[in-house]
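Student: I'm passing along coords_26.cif; it holds mmCIF, C-alpha atoms and all ligand atoms.
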data_data
#
loop_
_atom_site.group_PDB
_atom_site.id
_atom_site.type_symbol
_atom_site.label_atom_id
_atom_site.label_comp_id
_atom_site.auth_asym_id
_atom_site.auth_seq_id
_atom_site.Cartn_x
_atom_site.Cartn_y
_atom_site.Cartn_z
ATOM 1 C CA MET A 7 0.000 0.000 0.000
ATOM 2 C CA ARG A 8 1.157 3.533 -0.738
ATOM 3 C CA PRO A 9 2.048 5.778 2.205
ATOM 4 C CA PRO A 10 -0.391 8.691 2.704
ATOM 5 C CA PRO A 11 0.314 11.476 0.219
ATOM 6 C CA SER A 12 2.223 14.415 1.631
ATOM 7 C CA GLY A 13 0.582 17.687 0.722
ATOM 8 C CA SER A 14 -2.827 16.395 1.604
ATOM 9 C CA GLU A 15 -2.100 15.156 5.095
ATOM 10 C CA GLY A 16 -4.839 16.050 7.506
ATOM 11 C CA ARG A 17 -7.544 14.911 5.120
ATOM 12 C CA CYS A 18 -8.820 11.544 6.104
ATOM 13 C CA GLY A 19 -12.069 10.997 4.212
ATOM 14 C CA MET A 20 -11.825 7.968 1.966
ATOM 15 C CA VAL A 21 -13.407 8.277 -1.450
ATOM 16 C CA ALA A 22 -16.144 5.694 -2.050
ATOM 17 C CA LYS A 23 -15.502 3.092 -4.747
ATOM 18 C CA GLU A 24 -18.634 4.184 -6.627
ATOM 19 C CA THR A 25 -17.410 7.790 -6.635
ATOM 20 C CA LEU A 26 -14.059 6.733 -8.080
ATOM 21 C CA GLU A 27 -15.850 4.737 -10.773
ATOM 22 C CA GLU A 28 -18.080 7.713 -11.539
ATOM 23 C CA ALA A 29 -14.992 9.959 -11.815
ATOM 24 C CA ALA A 30 -13.429 7.576 -14.365
ATOM 25 C CA ARG A 31 -16.704 7.306 -16.255
ATOM 26 C CA LEU A 32 -17.051 11.088 -16.546
ATOM 27 C CA ILE A 33 -13.590 11.373 -18.101
ATOM 28 C CA LEU A 34 -14.491 8.619 -20.563
ATOM 29 C CA ALA A 35 -17.741 10.481 -21.304
ATOM 30 C CA GLN A 36 -15.702 13.707 -21.881
ATOM 31 C CA ASP A 37 -18.036 15.502 -19.491
ATOM 32 C CA ALA A 38 -15.862 18.344 -18.177
ATOM 33 C CA GLU A 39 -18.712 20.057 -16.390
ATOM 34 C CA LYS A 40 -19.954 17.036 -14.420
ATOM 35 C CA ALA A 41 -16.400 15.867 -13.728
ATOM 36 C CA ALA A 42 -15.536 19.307 -12.300
ATOM 37 C CA GLU A 43 -18.730 19.265 -10.245
ATOM 38 C CA LEU A 44 -17.841 15.855 -8.824
ATOM 39 C CA ALA A 45 -14.283 16.996 -8.005
ATOM 40 C CA ARG A 46 -15.561 20.099 -6.183
ATOM 41 C CA ARG A 47 -18.145 18.111 -4.234
ATOM 42 C CA VAL A 48 -15.804 15.304 -3.162
ATOM 43 C CA ILE A 49 -13.002 17.678 -2.179
ATOM 44 C CA GLY A 50 -15.537 19.933 -0.429
ATOM 45 C CA GLU A 51 -16.582 16.920 1.662
ATOM 46 C CA GLY A 52 -13.019 16.698 2.951
ATOM 47 C CA SER A 53 -11.797 13.720 0.936
ATOM 48 C CA ASP A 54 -8.241 13.375 -0.265
ATOM 49 C CA PRO A 55 -7.939 15.058 -3.685
ATOM 50 C CA LEU A 56 -5.056 12.794 -4.663
ATOM 51 C CA GLU A 57 -7.079 9.678 -3.912
ATOM 52 C CA LEU A 58 -9.797 10.985 -6.212
ATOM 53 C CA MET A 59 -7.201 11.753 -8.878
ATOM 54 C CA ASN A 60 -5.218 8.505 -8.602
ATOM 55 C CA GLY A 61 -8.161 6.188 -8.049
ATOM 56 C CA GLY A 62 -10.734 7.819 -10.327
ATOM 57 C CA PHE A 63 -9.724 10.408 -12.894
ATOM 58 C CA ILE A 64 -6.330 8.906 -13.856
ATOM 59 C CA PRO A 65 -7.745 5.400 -14.467
ATOM 60 C CA GLY A 66 -10.391 7.151 -16.586
ATOM 61 C CA ILE A 67 -7.894 8.978 -18.800
ATOM 62 C CA ASN A 68 -5.757 5.809 -19.002
ATOM 63 C CA GLN A 69 -8.779 3.925 -20.342
ATOM 64 C CA VAL A 70 -9.251 6.697 -22.899
ATOM 65 C CA GLY A 71 -5.599 6.256 -23.923
ATOM 66 C CA GLU A 72 -6.095 2.503 -24.351
ATOM 67 C CA LEU A 73 -9.238 2.965 -26.466
ATOM 68 C CA PHE A 74 -7.424 5.554 -28.586
ATOM 69 C CA ASN A 75 -4.535 3.159 -29.011
ATOM 70 C CA ARG A 76 -6.914 0.411 -30.172
ATOM 71 C CA GLY A 77 -8.562 2.758 -32.661
ATOM 72 C CA GLU A 78 -11.860 2.687 -30.750
ATOM 73 C CA LEU A 79 -11.651 6.411 -29.955
ATOM 74 C CA PHE A 80 -10.397 9.189 -32.209
ATOM 75 C CA LEU A 81 -8.518 12.441 -31.700
ATOM 76 C CA PRO A 82 -11.593 14.630 -31.039
ATOM 77 C CA GLN A 83 -12.676 12.264 -28.240
ATOM 78 C CA LEU A 84 -9.122 12.145 -26.879
ATOM 79 C CA MET A 85 -9.142 15.943 -26.816
ATOM 80 C CA GLY A 86 -12.572 16.029 -25.173
ATOM 81 C CA ALA A 87 -11.417 13.654 -22.438
ATOM 82 C CA ALA A 88 -8.192 15.655 -22.016
ATOM 83 C CA ASN A 89 -10.297 18.778 -21.608
ATOM 84 C CA ALA A 90 -12.317 17.126 -18.819
ATOM 85 C CA MET A 91 -9.074 15.895 -17.258
ATOM 86 C CA LYS A 92 -7.584 19.384 -17.369
ATOM 87 C CA ALA A 93 -10.668 20.825 -15.633
ATOM 88 C CA VAL A 94 -10.449 18.385 -12.725
ATOM 89 C CA THR A 95 -6.664 18.664 -12.517
ATOM 90 C CA ASP A 96 -6.995 22.424 -11.989
ATOM 91 C CA ILE A 97 -9.463 21.812 -9.143
ATOM 92 C CA VAL A 98 -7.313 19.102 -7.544
ATOM 93 C CA ASN A 99 -4.173 21.230 -7.877
ATOM 94 C CA GLU A 100 -5.927 24.175 -6.269
ATOM 95 C CA ALA A 101 -6.976 21.939 -3.362
ATOM 96 C CA LEU A 102 -3.398 20.720 -2.981
ATOM 97 C CA ALA A 103 -2.177 24.315 -2.820
ATOM 98 C CA ALA A 104 -4.804 25.151 -0.191
ATOM 99 C CA ALA A 105 -3.712 22.149 1.905
ATOM 100 C CA ALA A 106 -0.028 23.054 1.564
ATOM 101 C CA GLN A 107 2.202 22.137 4.474
ATOM 102 C CA PRO A 108 3.488 25.022 6.596
ATOM 103 C CA ARG A 109 6.852 23.193 6.608
ATOM 104 C CA LYS A 110 9.140 24.665 3.972
ATOM 105 C CA GLU A 111 11.286 22.289 1.993
ATOM 106 C CA THR A 112 14.472 23.809 0.739
ATOM 107 C CA GLY A 113 15.233 23.361 -2.907
ATOM 108 C CA THR A 114 14.628 25.039 -6.219
ATOM 109 C CA ILE A 115 13.386 22.891 -9.054
ATOM 110 C CA VAL A 116 12.980 23.700 -12.722
ATOM 111 C CA VAL A 117 10.356 21.517 -14.379
ATOM 112 C CA ALA A 118 9.297 21.168 -18.025
ATOM 113 C CA THR A 119 7.668 18.867 -20.524
ATOM 114 C CA VAL A 120 10.291 18.245 -23.205
ATOM 115 C CA LYS A 121 10.414 19.701 -26.712
ATOM 116 C CA GLY A 122 7.930 18.128 -29.133
ATOM 117 C CA ASP A 123 5.547 17.024 -26.377
ATOM 118 C CA ILE A 124 2.462 18.998 -25.360
ATOM 119 C CA HIS A 125 1.209 16.587 -22.670
ATOM 120 C CA ASP A 126 1.236 18.459 -19.383
ATOM 121 C CA ILE A 127 -1.560 17.132 -17.148
ATOM 122 C CA GLY A 128 0.731 14.828 -15.160
ATOM 123 C CA LYS A 129 3.545 17.374 -15.047
ATOM 124 C CA CYS A 130 1.138 19.971 -13.607
ATOM 125 C CA ILE A 131 0.105 17.534 -10.846
ATOM 126 C CA VAL A 132 3.770 16.924 -10.010
ATOM 127 C CA VAL A 133 4.403 20.688 -9.899
ATOM 128 C CA ALA A 134 1.351 21.294 -7.671
ATOM 129 C CA LEU A 135 2.357 18.571 -5.223
ATOM 130 C CA LEU A 136 5.963 19.763 -5.032
ATOM 131 C CA ARG A 137 4.720 23.281 -4.339
ATOM 132 C CA ALA A 138 2.245 21.990 -1.763
ATOM 133 C CA ASN A 139 5.235 20.453 -0.008
ATOM 134 C CA GLY A 140 7.049 23.767 0.084
ATOM 135 C CA PHE A 141 9.519 23.391 -2.776
ATOM 136 C CA SER A 142 10.211 26.390 -4.960
ATOM 137 C CA VAL A 143 9.175 25.214 -8.424
ATOM 138 C CA HIS A 144 9.662 27.028 -11.716
ATOM 139 C CA ASP A 145 7.345 25.460 -14.258
ATOM 140 C CA LEU A 146 8.607 26.229 -17.768
ATOM 141 C CA GLY A 147 5.531 24.642 -19.368
ATOM 142 C CA ARG A 148 5.424 22.151 -22.194
ATOM 143 C CA ASP A 149 7.208 21.685 -25.513
ATOM 144 C CA VAL A 150 10.340 23.270 -24.022
ATOM 145 C CA GLU A 151 13.731 23.242 -25.762
ATOM 146 C CA THR A 152 16.567 21.560 -23.870
ATOM 147 C CA ASP A 153 18.704 24.722 -24.027
ATOM 148 C CA LYS A 154 15.906 26.760 -22.520
ATOM 149 C CA ILE A 155 15.605 24.323 -19.612
ATOM 150 C CA ILE A 156 19.335 24.552 -18.921
ATOM 151 C CA ASP A 157 19.408 28.352 -19.230
ATOM 152 C CA ALA A 158 16.555 28.647 -16.726
ATOM 153 C CA ALA A 159 18.230 26.255 -14.285
ATOM 154 C CA VAL A 160 21.463 28.257 -14.421
ATOM 155 C CA LYS A 161 19.711 31.624 -14.123
ATOM 156 C CA LEU A 162 17.569 30.480 -11.194
ATOM 157 C CA ASN A 163 20.477 28.670 -9.563
ATOM 158 C CA ALA A 164 18.251 25.591 -9.390
ATOM 159 C CA ASP A 165 19.153 22.492 -7.411
ATOM 160 C CA ILE A 166 17.170 20.070 -9.524
ATOM 161 C CA ILE A 167 15.961 19.809 -13.116
ATOM 162 C CA GLY A 168 12.836 17.706 -13.686
ATOM 163 C CA THR A 169 11.517 16.661 -17.079
ATOM 164 C CA SER A 170 8.350 14.947 -18.161
ATOM 165 C CA THR A 171 7.622 13.156 -21.425
ATOM 166 C CA LEU A 172 4.579 11.152 -22.530
ATOM 167 C CA LEU A 173 5.675 10.237 -26.043
ATOM 168 C CA THR A 174 8.136 7.494 -26.847
ATOM 169 C CA THR A 175 9.292 9.712 -29.727
ATOM 170 C CA THR A 176 10.356 12.525 -27.362
ATOM 171 C CA MET A 177 11.964 10.458 -24.605
ATOM 172 C CA PHE A 178 15.349 11.062 -26.243
ATOM 173 C CA ARG A 179 15.082 14.685 -25.111
ATOM 174 C CA GLN A 180 15.742 13.544 -21.540
ATOM 175 C CA LYS A 181 19.009 12.000 -22.730
ATOM 176 C CA GLU A 182 19.717 15.130 -24.751
ATOM 177 C CA LEU A 183 19.461 17.117 -21.514
ATOM 178 C CA GLU A 184 21.928 14.826 -19.716
ATOM 179 C CA ASP A 185 24.366 15.065 -22.632
ATOM 180 C CA ALA A 186 24.016 18.842 -22.920
ATOM 181 C CA LEU A 187 24.647 19.280 -19.192
ATOM 182 C CA LYS A 188 27.797 17.170 -19.444
ATOM 183 C CA LYS A 189 28.979 19.055 -22.505
ATOM 184 C CA ALA A 190 28.516 22.391 -20.749
ATOM 185 C CA ASN A 191 30.321 21.090 -17.659
ATOM 186 C CA LEU A 192 27.184 21.576 -15.640
ATOM 187 C CA ARG A 193 26.264 17.980 -14.830
ATOM 188 C CA GLN A 194 27.654 18.119 -11.274
ATOM 189 C CA ARG A 195 25.805 21.329 -10.537
ATOM 190 C CA PHE A 196 22.284 19.898 -10.863
ATOM 191 C CA ARG A 197 20.434 16.767 -9.851
ATOM 192 C CA THR A 198 18.019 15.463 -12.492
ATOM 193 C CA ILE A 199 14.698 13.657 -12.183
ATOM 194 C CA VAL A 200 12.653 12.163 -15.011
ATOM 195 C CA GLY A 201 9.042 11.034 -15.302
ATOM 196 C CA GLY A 202 6.147 10.418 -17.679
ATOM 197 C CA ALA A 203 4.152 7.354 -18.715
ATOM 198 C CA PRO A 204 6.741 5.674 -21.011
ATOM 199 C CA VAL A 205 9.675 6.483 -18.710
ATOM 200 C CA THR A 206 11.080 3.681 -16.542
ATOM 201 C CA PRO A 207 13.767 3.349 -13.869
ATOM 202 C CA ARG A 208 15.797 1.481 -16.481
ATOM 203 C CA TRP A 209 15.583 4.430 -18.895
ATOM 204 C CA ALA A 210 16.573 6.824 -16.119
ATOM 205 C CA ALA A 211 19.618 4.701 -15.281
ATOM 206 C CA LYS A 212 20.536 4.277 -18.944
ATOM 207 C CA ILE A 213 20.629 7.996 -19.667
ATOM 208 C CA GLY A 214 22.297 8.832 -16.351
ATOM 209 C CA ALA A 215 19.444 10.717 -14.671
ATOM 210 C CA ASP A 216 19.701 10.887 -10.883
ATOM 211 C CA ALA A 217 16.120 9.808 -10.194
ATOM 212 C CA TYR A 218 12.916 8.452 -11.686
ATOM 213 C CA ALA A 219 9.427 8.934 -10.265
ATOM 214 C CA GLU A 220 6.363 6.947 -11.251
ATOM 215 C CA ASP A 221 3.849 9.455 -9.931
ATOM 216 C CA ALA A 222 3.584 12.795 -8.173
ATOM 217 C CA GLN A 223 3.897 11.387 -4.640
ATOM 218 C CA GLU A 224 7.040 9.520 -5.581
ATOM 219 C CA GLY A 225 8.217 12.711 -7.298
ATOM 220 C CA VAL A 226 8.073 14.536 -3.965
ATOM 221 C CA ARG A 227 9.866 11.720 -2.116
ATOM 222 C CA LYS A 228 12.618 11.453 -4.726
ATOM 223 C CA THR A 229 13.030 15.234 -4.843
ATOM 224 C CA ARG A 230 13.516 15.232 -1.074
ATOM 225 C CA ASP A 231 16.112 12.455 -1.393
ATOM 226 C CA LEU A 232 17.918 14.354 -4.137
ATOM 227 C CA MET A 233 18.109 17.455 -1.938
ATOM 228 C CA LEU A 234 19.557 15.362 0.901
ATOM 229 C CA SER A 235 22.130 13.885 -1.476
ATOM 230 C CA LYS A 236 23.215 17.429 -2.388
ATOM 231 C CA SER A 237 23.898 18.598 1.150
HETATM 232 CO CO1 LIG B 301 -1.811 11.868 -26.165
HETATM 233 N N1 LIG B 301 -0.817 10.201 -26.328
HETATM 234 N N2 LIG B 301 -1.285 12.390 -27.950
HETATM 235 N N3 LIG B 301 -2.865 13.444 -25.834
HETATM 236 N N4 LIG B 301 -2.370 11.039 -24.554
HETATM 237 C C1 LIG B 301 -0.676 9.369 -25.143
HETATM 238 C C2 LIG B 301 0.588 9.697 -24.376
HETATM 239 C C3 LIG B 301 -0.658 7.902 -25.778
HETATM 240 C C4 LIG B 301 0.079 6.869 -24.915
HETATM 241 C C5 LIG B 301 -2.111 7.453 -26.098
HETATM 242 C C6 LIG B 301 -2.164 6.085 -26.713
HETATM 243 O O1 LIG B 301 -1.973 5.959 -27.903
HETATM 244 N N5 LIG B 301 -2.417 5.050 -25.935
HETATM 245 C C7 LIG B 301 0.040 8.185 -27.168
HETATM 246 C C8 LIG B 301 1.557 8.101 -27.178
HETATM 247 C C9 LIG B 301 2.066 6.849 -27.852
HETATM 248 C C10 LIG B 301 3.533 6.794 -27.853
HETATM 249 O O2 LIG B 301 4.271 7.687 -27.623
HETATM 250 N N6 LIG B 301 4.012 5.609 -28.133
HETATM 251 C C11 LIG B 301 -0.432 9.603 -27.453
HETATM 252 C C12 LIG B 301 -0.453 10.203 -28.749
HETATM 253 C C13 LIG B 301 -0.091 9.293 -29.902
HETATM 254 C C14 LIG B 301 -0.786 11.555 -28.963
HETATM 255 C C15 LIG B 301 -0.773 12.333 -30.276
HETATM 256 C C16 LIG B 301 0.418 12.045 -31.199
HETATM 257 C C17 LIG B 301 -2.119 12.062 -30.987
HETATM 258 C C18 LIG B 301 -2.243 12.665 -32.364
HETATM 259 O O3 LIG B 301 -2.153 13.850 -32.532
HETATM 260 N N7 LIG B 301 -2.451 11.791 -33.336
HETATM 261 C C19 LIG B 301 -0.751 13.789 -29.775
HETATM 262 C C20 LIG B 301 0.684 14.272 -29.512
HETATM 263 C C21 LIG B 301 0.818 15.740 -29.363
HETATM 264 C C22 LIG B 301 2.221 16.164 -28.903
HETATM 265 O O4 LIG B 301 2.523 16.081 -27.757
HETATM 266 N N8 LIG B 301 3.057 16.559 -29.846
HETATM 267 C C23 LIG B 301 -1.470 13.654 -28.473
HETATM 268 C C24 LIG B 301 -2.264 14.652 -27.897
HETATM 269 C C25 LIG B 301 -2.948 14.532 -26.717
HETATM 270 C C26 LIG B 301 -3.936 15.577 -26.183
HETATM 271 C C27 LIG B 301 -3.512 17.017 -26.497
HETATM 272 C C28 LIG B 301 -5.287 15.313 -26.790
HETATM 273 C C29 LIG B 301 -3.975 15.174 -24.654
HETATM 274 C C30 LIG B 301 -2.952 15.932 -23.777
HETATM 275 C C31 LIG B 301 -3.511 17.161 -23.110
HETATM 276 C C32 LIG B 301 -2.565 17.757 -22.121
HETATM 277 O O5 LIG B 301 -1.712 17.095 -21.534
HETATM 278 N N9 LIG B 301 -2.705 19.050 -21.896
HETATM 279 C C33 LIG B 301 -3.551 13.710 -24.694
HETATM 280 C C34 LIG B 301 -3.791 12.766 -23.629
HETATM 281 C C35 LIG B 301 -4.708 13.225 -22.531
HETATM 282 C C36 LIG B 301 -3.201 11.479 -23.612
HETATM 283 C C37 LIG B 301 -3.424 10.320 -22.616
HETATM 284 C C38 LIG B 301 -4.745 9.662 -22.957
HETATM 285 C C39 LIG B 301 -3.416 10.670 -21.147
HETATM 286 C C40 LIG B 301 -2.176 11.443 -20.640
HETATM 287 C C41 LIG B 301 -2.454 11.956 -19.247
HETATM 288 O O6 LIG B 301 -2.784 13.114 -19.055
HETATM 289 N N10 LIG B 301 -2.395 11.050 -18.236
HETATM 290 C C42 LIG B 301 -2.180 9.388 -22.935
HETATM 291 C C43 LIG B 301 -2.401 7.918 -22.604
HETATM 292 C C44 LIG B 301 -1.714 7.519 -21.306
HETATM 293 O O7 LIG B 301 -0.726 8.081 -20.910
HETATM 294 N N11 LIG B 301 -2.227 6.511 -20.672
HETATM 295 C C45 LIG B 301 -1.809 9.837 -24.292
HETATM 296 C C46 LIG B 301 -2.755 11.359 -16.857
HETATM 297 C C47 LIG B 301 -1.532 11.921 -16.119
HETATM 298 C C48 LIG B 301 -1.915 12.256 -14.684
HETATM 299 O O8 LIG B 301 -0.545 10.907 -16.101
HETATM 300 O O9 LIG B 301 0.991 12.235 -17.616
HETATM 301 O O10 LIG B 301 1.523 9.836 -16.977
HETATM 302 P P1 LIG B 301 0.948 11.148 -16.639
HETATM 303 O O11 LIG B 301 1.711 11.719 -15.330
HETATM 304 C C49 LIG B 301 1.897 10.969 -14.148
HETATM 305 C C50 LIG B 301 3.197 10.152 -14.141
HETATM 306 O O12 LIG B 301 3.647 9.762 -15.405
HETATM 307 C C51 LIG B 301 4.182 10.982 -13.371
HETATM 308 O O13 LIG B 301 3.346 11.652 -12.434
HETATM 309 C C52 LIG B 301 2.116 12.008 -13.045
HETATM 310 C C53 LIG B 301 1.052 12.047 -11.998
HETATM 311 O O14 LIG B 301 0.842 10.777 -11.404
HETATM 312 N N12 LIG B 301 4.981 11.995 -14.043
HETATM 313 C C54 LIG B 301 6.116 12.488 -13.468
HETATM 314 C C55 LIG B 301 4.770 12.657 -15.190
HETATM 315 N N13 LIG B 301 5.726 13.565 -15.385
HETATM 316 C C56 LIG B 301 6.575 13.488 -14.337
HETATM 317 C C57 LIG B 301 7.723 14.211 -14.036
HETATM 318 C C58 LIG B 301 8.392 13.909 -12.846
HETATM 319 C C59 LIG B 301 7.939 12.905 -12.001
HETATM 320 C C60 LIG B 301 6.788 12.185 -12.292
HETATM 321 O O15 LIG B 301 9.499 14.545 -12.452
HETATM 322 C C61 LIG B 301 9.912 15.696 -13.135
#
Since I need it in another form, could you write the structure as structure tokens?
Tutor:
Amino acid sequence: MRPPPSGSEGRCGMVAKETLEEAARLILAQDAEKAAELARRVIGEGSDPLELMNGGFIPGINQVGELFNRGELFLPQLMGAANAMKAVTDIVNEALAAAAQPRKETGTIVVATVKGDIHDIGKCIVVALLRANGFSVHDLGRDVETDKIIDAAVKLNADIIGTSTLLTTTMFRQKELEDALKKANLRQRFRTIVGGAPVTPRWAAKIGADAYAEDAQEGVRKTRDLMLSKS
């Protein structure tokens, strides 16, 4: 079992199985309005926003991805479901910010979705949870050039660079970042963390990244570990 998510500690209401199923169904139905309504209601009742996200909305969007992959859904439906997902992610992220821990983590992190990739729902959840845990996060957005990521990290004197990629065709950008850091003699200055659906611990090790995180909660834990390894 996963440990309780940091950033939402203090919330103890469990989300009912039927509610989680309804959340997934609303993403599949591309119903942004009803999905947002459900998110507001469940969070308003004091339930854990991350449980709702991880147990309901994310399985919903994953099902959409599978149907799209099998040719049973097309791009307009994928976009409709993404739109619903974006709406609930904004609500969940807002709730995470409101439940932010008073404890301040030290550490400045630059985060981006790599060049060529416009997927940013997961990256935005990671950013929100890091912020909720007190990290100083500079979100450069999506489709970001490797050079721009490095420039920002240098300018902001960041401790960690985090990248997200959802496409197998853009994963190489995470290696490009490692190589560019080495070439510029900057590799020792930053810790790196990688994530995104096709990314694995094996990929992280292969390209020489310092850490891999499967989800936002693990992202926070690994970021903490990376900060400790710096001091
Ligand atoms: Co697209 N898409 N998409 N898509 N999309 C995938 C990724 C795909 C797997 C669907 C499929 O075919 N099954 C497939 C990629 C196949 C591949 O690469 N082999 C795909 C494709 C093909 C495409 C297009 C090419 C479709 C087309 O145009 N023909 C196109 C590409 C555009 C581009 O980027 N250049 C495209 C477009 C889109 C939309 C715009 C419609 C939309 C994105 C909207 C947006 O993000 N603003 C979209 C969506 C929604 C998806 C799926 C269905 C869902 C992604 C998502 O939001 N997941 C996706 C299928 C899937 O992944 N199952 C799919 C929920 C999110 C919470 O999870 O992002 O994994 P995730 O983030 C997690 C973890 O991975 C981790 O923590 C997060 C929270 O738990 N994590 C990190 C992520 N980043 C991290 C960073 C960290 C640490 C952890 O540290 C820094």
Student: Here is a test: counting only C-alpha atoms, which residue of A:Arg195, A:Lys212, A:Arg148, A:Arg137 is nearest to Val226 in chain A?
Tutor: A:Arg137
Student: Please find the residues contacting ligand LIG 301 (chain B) at a distance of at most 6 Å between atoms, with all atoms listed in the file counted, and report them as a PyMOL selection string.
Tutor: chain A and resi 64+67-68+70-72+74-75+84-85+88+117+122-129+131-132+168-170+172-175+199-203+219-222+225
Student: If we count all atoms listed in the file, what is near Gln83 in chain A at a cut-off of 12 Å, once residues fewer than 3 positions away on the same chain are taken out, given as a PyMOL selection string?
Tutor: chain A and resi 33-37+67+70-71+73-74+77-80+86-90
Student: So how many Å separate CA of Gly61 in chain A and CA of Ile49 in chain A, to one decimal?
Tutor: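 Going from CA of Gly61 in chain A over to CA of Ile49 in chain A covers 13.8 Å.
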Student: To one decimal place, how far is CA of Arg230 in chain A from CA of Phe178 in chain A in Å?
Tutor: 25.6 Å
Student: Could you write out as a VMD selection string the residues that the PyMOL selection byres (((chain A and resi 232) around 8) and not hetatm) matches in the shown file?
Tutor: chain A and resid 166 197 216 to 217 228 to 231 233 to 236
Student: Only C-alpha atoms, please: the residues just picked out, written as a compact mmCIF listing (two decimals), in the frame of the given file.
Tutor:
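To be explicit, this is the file written out as result.txt:
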# COMPACT_ATOMS: atom_id res chain seq x y z
CA ILE A 166 17.17 20.07 -9.52
CA ARG A 197 20.43 16.77 -9.85
CA ASP A 216 19.70 10.89 -10.88
CA ALA A 217 16.12 9.81 -10.19
CA LYS A 228 12.62 11.45 -4.73
CA THR A 229 13.03 15.23 -4.84
CA ARG A 230 13.52 15.23 -1.07
CA ASP A 231 16.11 12.46 -1.39
CA MET A 233 18.11 17.45 -1.94
CA LEU A 234 19.56 15.36 0.90
CA SER A 235 22.13 13.88 -1.48
CA LYS A 236 23.22 17.43 -2.39
Student: Check what the PyMOL selection byres (((chain A and resi 102) around 8) and not hetatm) selects in the file above and give those residues as a PDB file with C-alpha atoms, keeping the file's coordinate frame.
Tutor:
ATOM      1  CA  GLY A  13       0.582  17.687   0.722  1.00  0.00           C
ATOM      2  CA  SER A  14      -2.827  16.395   1.604  1.00  0.00           C
ATOM      3  CA  PRO A  55      -7.939  15.058  -3.685  1.00  0.00           C
ATOM      4  CA  VAL A  98      -7.313  19.102  -7.544  1.00  0.00           C
ATOM      5  CA  ASN A  99      -4.173  21.230  -7.877  1.00  0.00           C
ATOM      6  CA  GLU A 100      -5.927  24.175  -6.269  1.00  0.00           C
ATOM      7  CA  ALA A 101      -6.976  21.939  -3.362  1.00  0.00           C
ATOM      8  CA  ALA A 103      -2.177  24.315  -2.820  1.00  0.00           C
ATOM      9  CA  ALA A 104      -4.804  25.151  -0.191  1.00  0.00           C
ATOM     10  CA  ALA A 105      -3.712  22.149   1.905  1.00  0.00           C
ATOM     11  CA  ALA A 106      -0.028  23.054   1.564  1.00  0.00           C
ATOM     12  CA  ALA A 134       1.351  21.294  -7.671  1.00  0.00           C
ATOM     13  CA  LEU A 135       2.357  18.571  -5.223  1.00  0.00           C
ATOM     14  CA  ALA A 138       2.245  21.990  -1.763  1.00  0.00           C
TER      15      ALA A 138
END
Student: Select, from A:Gln69, A:Thr206, A:Thr152, A:Asn163, the residue with the minimum atom-to-atom distance to Arg179 in chain A, counting all atoms listed in the file.
Tutor: A:Thr152
Student: Identify which of the residues A:Gln107, A:Gly140, A:Lys154, A:Pro65 lies closest to Thr119 in chain A, counting all atoms listed in the file when measuring atom-to-atom distances.
Tutor: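 Result for the nearest residue to Thr119 in chain A: A:Lys154.
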Student: In Å, rounded to a single decimal, give me how far CA of Gly66 in chain A is from CA of Val94 in chain A.
Tutor: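 Between CA of Val94 in chain A and CA of Gly66 in chain A the gap is 11.9 Å.
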